[in-house]
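S.K.: Input file: run04.cif. Contents: mmCIF, C-alpha atoms and all ligand atoms.
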data_input
loop_
_atom_site.label_atom_id
_atom_site.label_comp_id
_atom_site.auth_asym_id
_atom_site.auth_seq_id
_atom_site.Cartn_x
_atom_site.Cartn_y
_atom_site.Cartn_z
CA MET A 6 35.73 -6.44 -26.26
CA SER A 7 35.04 -9.54 -24.20
CA GLU A 8 31.47 -10.75 -24.09
CA PHE A 9 30.48 -8.39 -21.31
CA ASP A 10 33.21 -5.79 -20.80
CA ILE A 11 31.44 -3.56 -18.32
CA SER A 12 34.06 -0.83 -17.95
CA LYS A 13 34.32 -0.48 -21.71
CA ILE A 14 30.56 -0.03 -21.96
CA LEU A 15 30.46 2.51 -19.13
CA ASN A 16 33.60 4.45 -20.09
CA GLU A 17 33.84 4.30 -23.87
CA LEU A 18 31.01 2.71 -25.81
CA GLY A 19 29.01 5.16 -27.92
CA GLU A 20 31.53 7.95 -27.39
CA ASP A 21 33.79 9.37 -30.08
CA ARG A 22 36.24 11.76 -28.43
CA ALA A 23 37.85 12.71 -31.75
CA GLU A 24 34.47 14.20 -32.66
CA TYR A 25 34.50 16.45 -29.58
CA GLN A 26 38.06 17.80 -29.75
CA GLY A 27 39.28 15.11 -27.38
CA ALA A 28 36.97 16.17 -24.56
CA VAL A 29 37.00 13.33 -22.01
CA SER A 30 33.47 14.13 -20.94
CA PRO A 31 31.17 14.36 -23.95
CA PRO A 32 29.45 17.67 -24.70
CA ILE A 33 25.80 18.38 -24.02
CA PHE A 34 24.22 19.01 -27.41
CA GLN A 35 21.79 21.57 -26.06
CA THR A 36 19.90 22.14 -29.29
CA SER A 37 16.43 21.37 -30.58
CA ASN A 38 17.27 21.19 -34.27
CA PHE A 39 20.16 20.54 -36.63
CA ALA A 40 20.97 22.48 -39.80
CA PHE A 41 22.06 21.04 -43.15
CA PRO A 42 24.38 22.34 -45.86
CA ASP A 43 22.01 21.43 -48.70
CA VAL A 44 18.60 19.96 -49.47
CA GLU A 45 19.87 16.51 -50.38
CA THR A 46 21.64 16.06 -47.01
CA MET A 47 18.50 17.25 -45.27
CA ARG A 48 16.35 14.82 -47.29
CA GLN A 49 18.67 11.93 -46.35
CA SER A 50 18.62 12.85 -42.66
CA VAL A 51 14.88 13.13 -42.23
CA GLN A 52 14.54 9.59 -43.56
CA LYS A 53 16.88 8.22 -40.87
CA GLU A 54 15.65 10.14 -37.86
CA LEU A 55 16.31 7.27 -35.45
CA ASP A 56 20.01 7.29 -36.27
CA VAL A 57 21.03 10.79 -37.32
CA PRO A 58 20.36 14.17 -35.74
CA PHE A 59 17.50 16.08 -37.34
CA TYR A 60 15.32 17.20 -34.46
CA THR A 61 16.04 16.40 -30.80
CA ARG A 62 12.73 14.61 -30.17
CA GLY A 63 14.06 11.91 -32.49
CA ASN A 64 17.84 11.92 -32.15
CA ASN A 65 20.34 13.96 -30.17
CA PRO A 66 24.07 13.07 -30.06
CA THR A 67 24.28 13.23 -26.24
CA VAL A 68 21.27 10.92 -25.89
CA GLU A 69 22.67 8.64 -28.62
CA ILE A 70 25.63 7.82 -26.35
CA LEU A 71 23.22 6.45 -23.77
CA ARG A 72 21.38 4.29 -26.30
CA ALA A 73 24.57 2.39 -27.11
CA LYS A 74 25.57 1.94 -23.47
CA VAL A 75 22.20 0.87 -22.16
CA ALA A 76 21.56 -1.61 -25.00
CA ALA A 77 24.99 -3.19 -24.44
CA LEU A 78 24.37 -3.48 -20.68
CA GLU A 79 21.21 -5.49 -21.34
CA GLY A 80 22.76 -7.45 -24.23
CA MET A 81 20.08 -6.11 -26.60
CA GLU A 82 20.45 -4.64 -30.10
CA ASP A 83 19.22 -1.13 -29.44
CA ALA A 84 17.62 1.13 -26.84
CA LEU A 85 15.48 4.24 -26.51
CA ILE A 86 15.79 6.73 -23.67
CA PHE A 87 12.72 8.37 -22.12
CA ALA A 88 11.78 11.17 -19.76
CA SER A 89 10.82 8.63 -17.07
CA GLY A 90 10.60 4.91 -16.40
CA SER A 91 6.84 5.18 -16.63
CA ALA A 92 7.10 6.71 -20.13
CA ALA A 93 9.35 3.83 -21.23
CA ILE A 94 6.96 1.21 -19.82
CA ALA A 95 3.93 2.89 -21.42
CA ALA A 96 5.66 3.01 -24.83
CA ALA A 97 6.65 -0.67 -24.58
CA VAL A 98 3.18 -1.81 -23.50
CA MET A 99 1.36 0.30 -26.12
CA HIS A 100 3.69 -1.06 -28.80
CA VAL A 101 2.46 -4.58 -28.01
CA LEU A 102 -1.21 -4.10 -27.11
CA LYS A 103 -4.03 -3.00 -29.40
CA SER A 104 -7.73 -2.70 -28.67
CA GLY A 105 -9.25 -6.12 -27.94
CA ASP A 106 -5.97 -7.61 -26.71
CA HIS A 107 -5.38 -9.31 -23.39
CA VAL A 108 -2.36 -8.96 -21.08
CA VAL A 109 -1.24 -11.09 -18.15
CA CYS A 110 0.67 -9.13 -15.50
CA VAL A 111 2.13 -9.76 -12.05
CA ASN A 112 -0.36 -8.60 -9.44
CA LYS A 113 1.79 -6.12 -7.57
CA PRO A 114 3.62 -4.29 -10.33
CA TYR A 115 4.87 -0.72 -10.00
CA SER A 116 1.76 1.32 -9.19
CA TRP A 117 1.72 3.31 -12.45
CA THR A 118 2.13 0.13 -14.50
CA ASP A 119 -0.98 -1.13 -12.73
CA LYS A 120 -2.83 2.10 -13.58
CA LEU A 121 -1.62 1.97 -17.18
CA LEU A 122 -3.09 -1.52 -17.68
CA ASN A 123 -6.17 -1.37 -15.50
CA ASN A 124 -7.22 2.27 -15.94
CA LEU A 125 -5.75 3.97 -18.98
CA LEU A 126 -5.58 1.08 -21.45
CA ALA A 127 -8.81 -0.45 -20.12
CA GLN A 128 -10.49 2.63 -21.63
CA TYR A 129 -9.16 1.57 -25.04
CA GLY A 130 -10.41 -2.00 -24.88
CA VAL A 131 -7.40 -3.74 -23.36
CA GLU A 132 -8.15 -6.44 -20.80
CA ALA A 133 -5.70 -7.33 -18.01
CA THR A 134 -5.45 -10.41 -15.79
CA MET A 135 -3.29 -9.92 -12.72
CA ILE A 136 -1.62 -13.03 -11.24
CA ALA A 137 0.89 -13.78 -8.47
CA GLY A 138 3.08 -15.25 -11.20
CA ILE A 139 5.43 -17.17 -8.90
CA ASP A 140 4.67 -20.52 -10.56
CA PRO A 141 5.26 -20.44 -14.35
CA ASN A 142 2.12 -22.58 -14.82
CA GLU A 143 0.01 -19.63 -13.63
CA TRP A 144 1.06 -17.75 -16.76
CA ASP A 145 -0.01 -20.58 -18.99
CA ALA A 146 -3.32 -20.95 -17.14
CA ALA A 147 -4.11 -17.22 -17.39
CA ARG A 148 -3.47 -17.20 -21.13
CA LYS A 149 -6.40 -16.57 -23.53
CA PRO A 150 -6.59 -16.77 -27.33
CA ASN A 151 -6.14 -12.97 -27.52
CA THR A 152 -3.23 -12.74 -25.01
CA LYS A 153 -0.49 -10.65 -26.60
CA LEU A 154 1.64 -9.68 -23.61
CA PHE A 155 3.18 -11.13 -20.44
CA MET A 156 4.17 -8.19 -18.24
CA LEU A 157 6.89 -9.15 -15.75
CA GLU A 158 8.55 -7.39 -12.86
CA SER A 159 11.04 -9.65 -11.11
CA PRO A 160 11.09 -8.95 -8.33
CA ASN A 161 8.55 -6.24 -7.61
CA SER A 162 9.79 -3.46 -5.39
CA ILE A 163 7.64 -3.84 -2.25
CA THR A 164 7.12 -7.53 -1.50
CA PHE A 165 9.81 -8.94 -3.83
CA GLU A 166 8.08 -11.94 -5.41
CA LEU A 167 10.10 -13.30 -8.35
CA GLN A 168 9.10 -14.84 -11.65
CA ASP A 169 11.05 -17.64 -13.32
CA LEU A 170 12.09 -15.53 -16.30
CA GLN A 171 13.31 -18.36 -18.52
CA ALA A 172 10.26 -20.54 -17.93
CA VAL A 173 7.79 -17.69 -18.49
CA SER A 174 9.56 -16.50 -21.63
CA ASN A 175 9.55 -20.08 -22.98
CA ILE A 176 5.77 -20.28 -22.51
CA ALA A 177 5.39 -16.89 -24.21
CA LYS A 178 7.47 -17.93 -27.20
CA GLN A 179 5.41 -21.10 -27.72
CA HIS A 180 2.30 -18.96 -28.11
CA GLY A 181 3.59 -15.89 -29.93
CA ILE A 182 3.22 -13.74 -26.80
CA THR A 183 5.62 -10.82 -26.23
CA THR A 184 7.39 -10.48 -22.87
CA ILE A 185 8.25 -7.17 -21.19
CA LEU A 186 10.37 -7.11 -18.03
CA ASP A 187 10.59 -4.13 -15.67
CA ASN A 188 14.16 -4.80 -14.51
CA SER A 189 14.54 -1.71 -12.29
CA TYR A 190 15.08 -3.69 -9.07
CA ALA A 191 18.15 -5.55 -10.25
CA SER A 192 19.83 -3.19 -12.75
CA PRO A 193 21.33 -4.79 -15.88
CA LEU A 194 24.50 -5.67 -13.95
CA ASN A 195 22.67 -7.96 -11.54
CA GLN A 196 20.16 -9.41 -14.01
CA ARG A 197 20.37 -9.30 -17.80
CA ALA A 198 17.04 -9.72 -19.55
CA SER A 199 18.66 -11.07 -22.72
CA ASP A 200 20.00 -14.08 -20.76
CA PHE A 201 16.40 -15.27 -20.34
CA GLY A 202 14.96 -14.55 -23.79
CA ILE A 203 12.91 -11.52 -22.69
CA ASP A 204 11.73 -9.45 -25.69
CA ILE A 205 11.63 -5.95 -24.21
CA VAL A 206 13.27 -4.71 -21.01
CA CYS A 207 12.50 -1.40 -19.28
CA HIS A 208 14.15 0.40 -16.40
CA SER A 209 13.42 3.40 -14.33
CA ALA A 210 16.79 5.09 -14.91
CA SER A 211 15.86 7.42 -12.04
CA LYS A 212 17.10 4.57 -9.81
CA TYR A 213 20.39 2.65 -10.23
CA LEU A 214 21.25 3.69 -13.78
CA SER A 215 21.57 7.41 -13.03
CA GLY A 216 22.36 6.65 -9.40
CA HIS A 217 22.45 10.06 -7.73
CA SER A 218 18.81 10.96 -7.03
CA ASP A 219 19.15 14.03 -9.20
CA MET A 220 17.06 13.17 -12.26
CA VAL A 221 14.12 11.18 -13.63
CA ALA A 222 14.51 9.06 -16.77
CA GLY A 223 13.64 5.70 -18.28
CA VAL A 224 15.03 3.24 -20.81
CA LEU A 225 13.67 0.56 -23.10
CA CYS A 226 15.86 -2.09 -24.82
CA ALA A 227 14.82 -4.53 -27.54
CA SER A 228 15.74 -5.88 -30.97
CA ARG A 229 16.56 -3.35 -33.66
CA GLU A 230 13.35 -4.29 -35.46
CA ARG A 231 11.19 -3.52 -32.43
CA ILE A 232 13.08 -0.32 -31.65
CA GLU A 233 12.41 0.94 -35.19
CA LYS A 234 8.70 0.24 -34.77
CA ILE A 235 8.48 1.79 -31.29
CA PHE A 236 10.45 4.82 -32.47
CA GLY A 237 8.13 5.42 -35.43
CA GLU A 238 5.00 5.01 -33.35
CA GLU A 239 4.91 5.43 -29.56
CA PHE A 240 8.25 7.18 -29.06
CA MET A 241 7.89 9.98 -31.60
CA THR A 242 4.13 10.34 -31.14
CA LEU A 243 4.01 10.52 -27.34
CA GLY A 244 7.35 12.34 -27.28
CA GLY A 245 8.35 11.60 -23.68
CA ILE A 246 12.05 12.21 -24.31
CA ILE A 247 14.97 12.86 -21.99
CA SER A 248 16.60 16.30 -22.25
CA PRO A 249 20.23 16.48 -23.47
CA ASN A 250 21.13 17.88 -20.04
CA ASP A 251 19.67 14.93 -18.17
CA ALA A 252 21.21 12.54 -20.71
CA TRP A 253 24.59 13.97 -19.78
CA LEU A 254 23.86 13.51 -16.05
CA MET A 255 22.89 9.92 -16.76
CA ILE A 256 26.13 9.29 -18.71
CA ARG A 257 28.01 10.62 -15.70
CA GLY A 258 25.98 8.47 -13.31
CA LEU A 259 26.66 5.35 -15.39
CA ARG A 260 30.43 5.79 -15.04
CA THR A 261 30.18 4.52 -11.47
CA LEU A 262 27.34 2.01 -11.91
CA ALA A 263 29.58 -1.03 -11.37
CA ILE A 264 31.24 0.24 -8.19
CA ARG A 265 27.97 1.50 -6.76
CA MET A 266 26.30 -1.86 -7.39
CA GLU A 267 29.31 -3.65 -5.88
CA ARG A 268 29.11 -1.57 -2.72
CA VAL A 269 25.35 -2.11 -2.38
CA ALA A 270 25.79 -5.87 -2.94
CA LYS A 271 28.37 -6.01 -0.17
CA THR A 272 26.60 -3.99 2.51
CA THR A 273 22.95 -4.96 2.06
CA PRO A 274 23.12 -8.72 2.83
CA LYS A 275 25.10 -7.95 6.02
CA ILE A 276 22.50 -5.47 7.22
CA VAL A 277 19.67 -7.83 6.33
CA GLU A 278 21.34 -10.68 8.24
CA TRP A 279 21.81 -8.45 11.27
CA LEU A 280 18.20 -7.26 11.12
CA GLU A 281 16.83 -10.79 10.78
CA ALA A 282 18.39 -11.64 14.15
CA HIS A 283 17.03 -8.49 15.81
CA PRO A 284 14.38 -9.09 18.51
CA GLN A 285 12.24 -6.13 17.34
CA VAL A 286 12.01 -7.43 13.77
CA GLU A 287 9.10 -9.66 12.83
CA SER A 288 10.26 -10.55 9.32
CA ILE A 289 12.22 -9.41 6.29
CA SER A 290 11.59 -9.89 2.62
CA TYR A 291 14.84 -9.87 0.65
CA PRO A 292 15.44 -12.06 -2.42
CA HIS A 293 19.07 -12.77 -1.50
CA SER A 294 18.27 -13.89 2.05
CA PRO A 295 17.99 -17.65 2.67
CA SER A 296 14.68 -16.83 4.40
CA HIS A 297 13.13 -15.74 1.07
CA PRO A 298 10.90 -18.51 -0.35
CA GLN A 299 12.48 -18.01 -3.79
CA PHE A 300 16.09 -17.65 -2.60
CA GLU A 301 17.39 -20.32 -5.02
CA LEU A 302 15.72 -18.68 -8.01
CA ALA A 303 16.99 -15.26 -6.90
CA LYS A 304 20.59 -16.53 -6.81
CA GLN A 305 20.15 -18.14 -10.20
CA GLN A 306 18.65 -15.08 -11.94
CA GLN A 307 20.32 -12.21 -10.12
CA LYS A 308 24.10 -12.45 -10.18
CA TYR A 309 24.49 -10.09 -7.21
CA PRO A 310 22.19 -8.83 -4.45
CA SER A 311 20.47 -5.44 -4.77
CA GLY A 312 19.86 -2.88 -2.04
CA GLN A 313 16.10 -3.00 -1.51
CA PHE A 314 14.24 -5.07 1.10
CA THR A 315 11.14 -4.82 3.22
CA LEU A 316 11.18 -5.10 6.97
CA THR A 317 8.16 -5.79 9.17
CA LEU A 318 8.55 -4.42 12.67
CA LYS A 319 7.38 -6.26 15.78
CA ALA A 320 5.17 -3.35 16.78
CA THR A 321 1.78 -3.30 18.42
CA GLU A 322 0.91 0.29 17.56
CA ILE A 323 1.48 2.51 14.56
CA LYS A 324 3.09 5.15 16.78
CA GLN A 325 5.98 2.76 17.42
CA VAL A 326 6.58 2.52 13.68
CA GLU A 327 6.46 6.30 13.44
CA ALA A 328 8.86 6.64 16.39
CA PHE A 329 11.27 4.20 14.71
CA CYS A 330 11.18 6.12 11.43
CA ASN A 331 11.35 9.57 12.99
CA ALA A 332 14.49 8.57 14.95
CA LEU A 333 16.40 7.68 11.78
CA ASN A 334 19.02 10.26 10.82
CA ARG A 335 21.06 8.68 8.05
CA PHE A 336 18.20 6.85 6.39
CA LEU A 337 16.09 9.51 4.73
CA LEU A 338 12.32 9.13 4.74
CA ALA A 339 11.70 9.17 1.00
CA CYS A 340 10.45 7.17 -1.92
CA SER A 341 12.55 5.89 -4.82
CA TRP A 342 15.99 4.19 -4.45
CA GLY A 343 19.20 3.55 -6.34
CA GLY A 344 20.99 6.75 -5.30
CA TYR A 345 23.91 7.22 -2.92
CA GLU A 346 21.69 7.75 0.12
CA SER A 347 19.95 5.11 2.20
CA LEU A 348 16.17 5.38 2.37
CA ALA A 349 13.21 4.22 4.42
CA PHE A 350 9.66 4.25 3.06
CA PRO A 351 7.10 3.38 5.78
CA ILE A 352 3.98 1.82 4.25
CA CYS A 353 1.89 3.62 6.87
CA ALA A 354 2.79 6.89 5.09
CA LEU A 355 0.49 5.68 2.31
CA TYR A 356 -2.46 5.37 4.67
CA GLU A 357 -4.96 8.17 4.70
CA SER A 358 -4.96 9.62 8.22
CA GLU A 359 -5.88 6.88 10.71
CA ASN A 360 -7.65 4.68 8.20
CA TYR A 361 -5.31 1.69 8.23
CA GLY A 362 -7.78 -0.45 6.34
CA ASN A 363 -7.23 1.24 2.99
CA SER A 364 -4.00 -0.49 2.01
CA PRO A 365 -3.49 -4.22 1.44
CA LEU A 366 0.00 -3.87 2.95
CA PRO A 367 0.47 -3.91 6.74
CA TRP A 368 1.21 -0.68 8.63
CA ASN A 369 4.28 -2.12 10.35
CA MET A 370 6.07 -2.68 7.02
CA ILE A 371 8.93 -0.42 5.88
CA ARG A 372 10.68 -0.62 2.51
CA PHE A 373 14.41 0.06 2.79
CA TYR A 374 17.13 0.93 0.35
CA ILE A 375 20.78 0.60 1.36
CA GLY A 376 22.92 3.27 -0.26
CA LEU A 377 26.66 3.84 -0.17
CA GLU A 378 27.16 4.63 3.53
CA GLU A 379 29.29 2.44 5.78
CA GLU A 380 27.63 -0.63 7.27
CA ALA A 381 28.35 0.41 10.89
CA VAL A 382 26.85 3.86 10.36
CA LEU A 383 23.62 2.38 9.04
CA LYS A 384 23.40 -0.21 11.81
CA GLY A 385 23.89 2.54 14.38
CA ASP A 386 21.09 4.54 12.83
CA LEU A 387 18.74 1.55 12.81
CA GLU A 388 19.63 0.84 16.45
CA ALA A 389 18.53 4.38 17.33
CA GLY A 390 15.26 3.63 15.56
CA PHE A 391 14.71 0.44 17.55
CA GLU A 392 15.43 2.26 20.80
CA ALA A 393 12.88 4.98 19.99
CA MET A 394 10.39 2.28 19.06
CA GLY A 395 10.88 0.60 22.45
CA ASP A 396 10.47 3.93 24.27
CA ALA A 397 7.24 4.61 22.41
CA GLU A 398 5.86 1.29 23.67
CA THR A 399 6.85 1.95 27.31
CA SER A 400 5.27 5.40 27.33
CA SER A 401 1.93 3.98 26.17
CA ALA A 402 1.87 1.31 28.89
C1 LIG A 501 10.43 4.01 -10.06
C2 LIG A 501 9.94 2.83 -10.79
C3 LIG A 501 9.24 2.95 -12.01
C4 LIG A 501 8.88 4.30 -12.60
O1 LIG A 501 9.99 4.99 -13.00
P1 LIG A 501 10.01 6.60 -13.03
O2 LIG A 501 11.37 6.89 -13.52
O3 LIG A 501 9.74 7.07 -11.66
O4 LIG A 501 8.92 7.00 -13.98
C5 LIG A 501 8.85 1.81 -12.66
N1 LIG A 501 9.11 0.59 -12.14
C6 LIG A 501 9.76 0.42 -10.98
C7 LIG A 501 10.01 -0.94 -10.47
C8 LIG A 501 10.19 1.53 -10.27
O5 LIG A 501 10.80 1.37 -9.10
#
Show the structure stored in the file as structure tokens.
Ligand SMILES: *Cc1c(COP(=O)(O)O)cnc(C)c1O

M.R.:
Amino acid sequence: MSEFDISKILNELGEDRAEYQGAVSPPIFQTSNFAFPDVETMRQSVQKELDVPFYTRGNNPTVEILRAKVAALEGMEDALIFASGSAAIAAAVMHVLKSGDHVVCVNKPYSWTDKLLNNLLAQYGVEATMIAGIDPNEWDAARKPNTKLFMLESPNSITFELQDLQAVSNIAKQHGITTILDNSYASPLNQRASDFGIDIVCHSASKYLSGHSDMVAGVLCASRERIEKIFGEEFMTLGGIISPNDAWLMIRGLRTLAIRMERVAKTTPKIVEWLEAHPQVESISYPHSPSHPQFELAKQQQKYPSGQFTLTLKATEIKQVEAFCNALNRFLLACSWGGYESLAFPICALYESENYGNSPLPWNMIRFYIGLEEEAVLKGDLEAGFEAMGDAETSSA
């Protein structure tokens, strides 16, 4: 296997077809427990629950296939698979932080990461400092004697600020601080955490890794030593595991990860470039656009472009934004991303009724995800949106 043989990872790694009567697609081990021929075998198994089937909360052969694939994709020693990305992030963070510890985190992380640090763990004596994190020196400056964790998300999934992963992980290493990266935006194919010395990487596998908008799951990759610790503590105790059925769906989704990412990387920059020249667009935030203030860093850290960007419409009234969104047919109005279907998430949908003041993000901002549709189809759909937006303005005049 060459250093990073993607098709081998996606098609073969972790699978043993001879074990399943040659079945090309591995079976779903839909069982909670595993029986043993004698007491000694049982005794041996319960002592190695991370690696051999005993009870499905710990180890299940279908899920085991995913552990090998996901760890190899990130270039890490081992992985654990969870019921959601949030469960994976919570397990990683709780593995590092104890009462009285301090964490430095990017200031617009995924919303439930924010709540984990600033609400849930704050109740247990964890203190968080939130920083923009664009300049590596900010991480050093925010550090305290009790800082145990740097929590990274590069980029975040609304405004797409990046962190210099190598520089931040170097600072962390100098001070014995652990780094966690939420790498959901990029997928392991576009950005590998192990290339930058990150200690623990998490993904929402509900996005690119599963890739079909038909399941919710999460992954965590780290050294074998850390995985053993997390398994014995947070993983088994909190028990947020993936079901064998969903593990099988995720294995199937992974088969096409490379071609899906390739398609997204081809179409998205073209649509962004076209939108940036559009008279009804105020601005776009997309790491792989030359207009992004961290474009050079994005190209350096992310091998290929991803499909998410944020567009700010040149609108004077919220009803124009609504008209734009309501006229979209191919883009679905929905949260999440990473599936086959293109999506639009208007920030104004987060506002309570007419109270536009209750979000720090502007009402004319829309987060987009470009799926697997043809470029021309998506442009046509967006053009219909712009037309409806223009009409909405005329009718109010
Ligand atoms: C969706 C998402 C999560 C949470 O993952 P779930 O699978 O929905 O629990 C975490 N981080 C980022 C960046 C996400 O987009």

S.K.: Give me the residues near Glu143 (chain A) as a JSON list (two decimals) with C-alpha atoms, in the coordinates of the input, where near means some atom within 12 Å (using only C-alpha atoms) and where sequence neighbours in that chain fewer than 6 positions away do not count.

M.R.:
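Output below, filename out.json:
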[["chain", "number", "residue", "atom", "x", "y", "z"],
["A", 109, "VAL", "CA", -1.24, -11.09, -18.15],
["A", 110, "CYS", "CA", 0.67, -9.13, -15.50],
["A", 111, "VAL", "CA", 2.13, -9.76, -12.05],
["A", 112, "ASN", "CA", -0.36, -8.60, -9.44],
["A", 134, "THR", "CA", -5.45, -10.41, -15.79],
["A", 135, "MET", "CA", -3.29, -9.92, -12.72],
["A", 136, "ILE", "CA", -1.62, -13.03, -11.24],
["A", 137, "ALA", "CA", 0.89, -13.78, -8.47],
["A", 155, "PHE", "CA", 3.18, -11.13, -20.44],
["A", 168, "GLN", "CA", 9.10, -14.84, -11.65],
["A", 169, "ASP", "CA", 11.05, -17.64, -13.32],
["A", 172, "ALA", "CA", 10.26, -20.54, -17.93],
["A", 173, "VAL", "CA", 7.79, -17.69, -18.49],
["A", 176, "ILE", "CA", 5.77, -20.28, -22.51]]

S.K.: Please enclose the listed atoms of ligand LIG 501 (chain A) in an axis-aligned box, pad each side by 8 Å, and write out the centre and the three edge lengths in Å, rounded to one decimal, as lines of an AutoDock Vina configuration file.

M.R.:
center_x = 10.1
center_y = 3.1
center_z = -11.5
size_x = 18.5
size_y = 24.0
size_z = 20.9

S.K.: Kindly provide, as JSON, numbers by chain, all nucleotide and amino acid residues lying within 9 Å of ligand LIG 501 (chain A), counting only C-alpha atoms and all ligand atoms.

M.R.: {"A": [87, 88, 89, 90, 91, 92, 93, 94, 114, 115, 116, 117, 118, 158, 159, 160, 161, 162, 187, 188, 189, 190, 207, 208, 209, 210, 211, 212, 220, 221, 222, 223, 224, 340, 341, 342]}

S.K.: Mind pulling up the distance from CA of Ser174 (chain A) to CA of Gly130 (chain A)?

M.R.: 24.9 Å

S.K.: With all atoms listed in the file as the atoms that count, which of A:Glu69, A:Asp140, A:Glu322, A:Glu346 lies nearest to Gly395 (chain A)?

M.R.: A:Glu322

S.K.: Hey, which of A:Lys384, A:Ile11, A:Ile139, A:Gly237 ends up closest to Lys53 (chain A)? Count only C-alpha atoms.

M.R.: A:Gly237

S.K.: Could you complete region 202-207 of chain A so that it carries all heavy atoms, and give it back as an mmCIF file, in the frame of the given file?

M.R.:
data_model
loop_
_atom_site.group_PDB
_atom_site.id
_atom_site.type_symbol
_atom_site.label_atom_id
_atom_site.label_comp_id
_atom_site.auth_asym_id
_atom_site.auth_seq_id
_atom_site.Cartn_x
_atom_site.Cartn_y
_atom_site.Cartn_z
ATOM 1 N N GLY A 202 15.827 -14.609 -22.610
ATOM 2 C CA GLY A 202 14.960 -14.550 -23.790
ATOM 3 C C GLY A 202 13.809 -13.562 -23.684
ATOM 4 O O GLY A 202 12.809 -13.704 -24.381
ATOM 5 N N ILE A 203 13.946 -12.574 -22.810
ATOM 6 C CA ILE A 203 12.910 -11.520 -22.690
ATOM 7 C C ILE A 203 12.962 -10.642 -23.951
ATOM 8 O O ILE A 203 14.035 -10.330 -24.453
ATOM 9 C CB ILE A 203 13.186 -10.663 -21.424
ATOM 10 C CG1 ILE A 203 13.094 -11.521 -20.148
ATOM 11 C CG2 ILE A 203 12.287 -9.431 -21.361
ATOM 12 C CD1 ILE A 203 11.727 -12.049 -19.815
ATOM 13 N N ASP A 204 11.780 -10.235 -24.447
ATOM 14 C CA ASP A 204 11.730 -9.450 -25.690
ATOM 15 C C ASP A 204 12.046 -7.966 -25.483
ATOM 16 O O ASP A 204 12.756 -7.370 -26.279
ATOM 17 C CB ASP A 204 10.350 -9.570 -26.338
ATOM 18 C CG ASP A 204 10.045 -11.003 -26.757
ATOM 19 O OD1 ASP A 204 10.901 -11.596 -27.440
ATOM 20 O OD2 ASP A 204 8.963 -11.517 -26.405
ATOM 21 N N ILE A 205 11.451 -7.387 -24.443
ATOM 22 C CA ILE A 205 11.630 -5.950 -24.210
ATOM 23 C C ILE A 205 11.938 -5.747 -22.720
ATOM 24 O O ILE A 205 11.237 -6.300 -21.866
ATOM 25 C CB ILE A 205 10.364 -5.134 -24.552
ATOM 26 C CG1 ILE A 205 9.904 -5.410 -25.996
ATOM 27 C CG2 ILE A 205 10.588 -3.635 -24.343
ATOM 28 C CD1 ILE A 205 8.581 -4.747 -26.373
ATOM 29 N N VAL A 206 12.957 -4.983 -22.417
ATOM 30 C CA VAL A 206 13.270 -4.710 -21.010
ATOM 31 C C VAL A 206 13.218 -3.203 -20.781
ATOM 32 O O VAL A 206 13.675 -2.415 -21.608
ATOM 33 C CB VAL A 206 14.633 -5.328 -20.598
ATOM 34 C CG1 VAL A 206 15.771 -4.817 -21.452
ATOM 35 C CG2 VAL A 206 14.931 -5.061 -19.121
ATOM 36 N N CYS A 207 12.596 -2.814 -19.653
ATOM 37 C CA CYS A 207 12.500 -1.400 -19.280
ATOM 38 C C CYS A 207 13.144 -1.190 -17.911
ATOM 39 O O CYS A 207 13.173 -2.106 -17.080
ATOM 40 C CB CYS A 207 11.033 -0.966 -19.185
ATOM 41 S SG CYS A 207 10.168 -1.042 -20.750
#
